[in-house]
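Right, one structure below, let's go through it.
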Amino acid sequence: MLNRVVLIGRLTRDPELKTTASGKSVVDFSIAVQKRIKPAEGPDADFFRITAWEKTAEFVANYLHKGRLVSVDGRLQSRKYTTTDGQNREVVEIVADSVQSLDRPREDAAGGGAEPVGVAAGSTSAPSADEYDPFADE
């Protein structure tokens with residue numbers, strides 16, 4: 001069986017690095033992927049939620065920001081959770097195995113130093129879906 005997703009799009013917001021109770025780094029972000037054929041009505045992009053773990057999460061949080069063009073290679077994950085007000089929800093998200101920057105940072109971006117291109121697959125170690133709920137604060 002195969003569960004593989006490859007997307008190219010722009011970050012819709014600045015990613016924020018978080019740490020789970022067990023000390024694992026995690027970052028949640030979303031990207032906008034332009035549609036090949038723009039519809040007469042409605043948005044001309046699709047939006048995808050992405051979760052990255054460990055070294056990939058640290059790369060995303062340290063080197064990428066809103067508007068950056070990235071390539072995401074990962075897998076689809078579907079899971080259910082209960083909100084703080086008791087509502088049951090189901091989400092489909094992409095768990096990134098690797099994220100690569102496809103453009104250069106703007107001149108006015110903080111840091112100004114050399115930037116790694118991305119973090120390759122196999123460098124993450126994602127805990128179970130029950131350990132972390134990236135949507136709990138929404």
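Residues are referred to by chain and number: the chain letter is A, B, ... according to the order shown in the structure tokens, the number counts from 1 in that chain, and ligands are numbered separately from 1 in the order shown.
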Extract, using only C-alpha atoms, all DNA, RNA and protein residues at most 8 Å from Leu76 (chain A), discarding same-chain residues fewer than 3 positions from it, and format them as a JSON list (two decimals) with N, CA and C atoms, in the first residue's frame.
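So selection_17.json came out as:
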[["chain", "number", "residue", "atom", "x", "y", "z"],
["A", 3, "ASN", "N", 0.93, 5.50, 0.74],
["A", 3, "ASN", "CA", 0.34, 6.71, 1.29],
["A", 3, "ASN", "C", 1.41, 7.79, 1.19],
["A", 4, "ARG", "N", 1.42, 8.52, 0.08],
["A", 4, "ARG", "CA", 2.46, 9.50, -0.19],
["A", 4, "ARG", "C", 1.84, 10.77, -0.74],
["A", 5, "VAL", "N", 2.30, 11.92, -0.26],
["A", 5, "VAL", "CA", 1.82, 13.21, -0.73],
["A", 5, "VAL", "C", 3.04, 14.10, -0.99],
["A", 92, "VAL", "N", -8.05, 15.58, 8.48],
["A", 92, "VAL", "CA", -7.07, 14.93, 7.62],
["A", 92, "VAL", "C", -5.94, 15.93, 7.47],
["A", 93, "GLU", "N", -4.74, 15.49, 7.81],
["A", 93, "GLU", "CA", -3.58, 16.37, 7.76],
["A", 93, "GLU", "C", -2.44, 15.65, 7.06],
["A", 94, "ILE", "N", -1.41, 16.39, 6.77],
["A", 94, "ILE", "CA", -0.21, 15.82, 6.16],
["A", 94, "ILE", "C", 0.87, 15.81, 7.22],
["A", 95, "VAL", "N", 1.47, 14.66, 7.43],
["A", 95, "VAL", "CA", 2.61, 14.55, 8.33],
["A", 95, "VAL", "C", 3.85, 14.57, 7.43]]
Using only C-alpha atoms, which residues sit within 7 Å of region 33-44 of chain A once same-chain residues fewer than 5 positions away are excluded, as a list in words?
->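 My list of contacting residues is Ile8, Gly9 and Arg10 of chain A.
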If you keep C-alpha atoms, can you produce a file of those selected residues as a PDB file, in the first residue's frame?
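Result file follows (again_1.pdb):
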ATOM      1  CA  ILE A   8       4.538  22.692  -3.511  1.00  0.00           C
ATOM      2  CA  GLY A   9       3.051  25.829  -2.036  1.00  0.00           C
ATOM      3  CA  ARG A  10       3.565  28.932   0.078  1.00  0.00           C
TER       4      ARG A  10
END
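A straight line drawn from CA of Ser101 (chain A) to CA of Gly67 (chain A) is 11.1 Å long.
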Find the residues around Phe47 (chain A) up to 8 Å (only C-alpha atoms counted), leave out those fewer than 5 positions away in its own chain, and share them as a list of chain:residue names.
->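 Here the answer would be A:Ser30, A:Ile31, A:Ala32, A:Val33.
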Any chance you could export the current selection's C-alpha atoms as an mmCIF file, in the first residue's frame?
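What follows is the written file selection.cif:
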data_model
loop_
_atom_site.group_PDB
_atom_site.id
_atom_site.type_symbol
_atom_site.label_atom_id
_atom_site.label_comp_id
_atom_site.auth_asym_id
_atom_site.auth_seq_id
_atom_site.Cartn_x
_atom_site.Cartn_y
_atom_site.Cartn_z
ATOM 1 C CA SER A 30 -0.318 25.373 6.463
ATOM 2 C CA ILE A 31 0.471 25.979 2.833
ATOM 3 C CA ALA A 32 -1.537 27.355 -0.064
ATOM 4 C CA VAL A 33 -1.193 25.399 -3.304
#
Close residues, Asp103 (chain A) itself excluded, 8 Å, only C-alpha atoms, min 3 positions apart in chain, as number ranges by chain = A: 68-70
Proximity to Leu17 (chain A) - best of A:Val91, A:Ala45, A:Met1, A:Ala57, only C-alpha atoms | A:Ala57
A straight line from CA of Glu16 (chain A) to CA of Ile50 (chain A) spans 12.3 Å
Rank nothing, just name the residue among A:Gln100, A:Val26, A:Val60, A:Asp85 nearest to Val72 (chain A), using only C-alpha atoms.
->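 The answer is A:Gln100, which sits nearest to Val72 (chain A).
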Coordinates-based distance that separates CA of Asp46 (chain A) from CA of Thr84 (chain A) (Å, one decimal) |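 We find that CA of Thr84 (chain A) and CA of Asp46 (chain A) lie 27.7 Å from each other.
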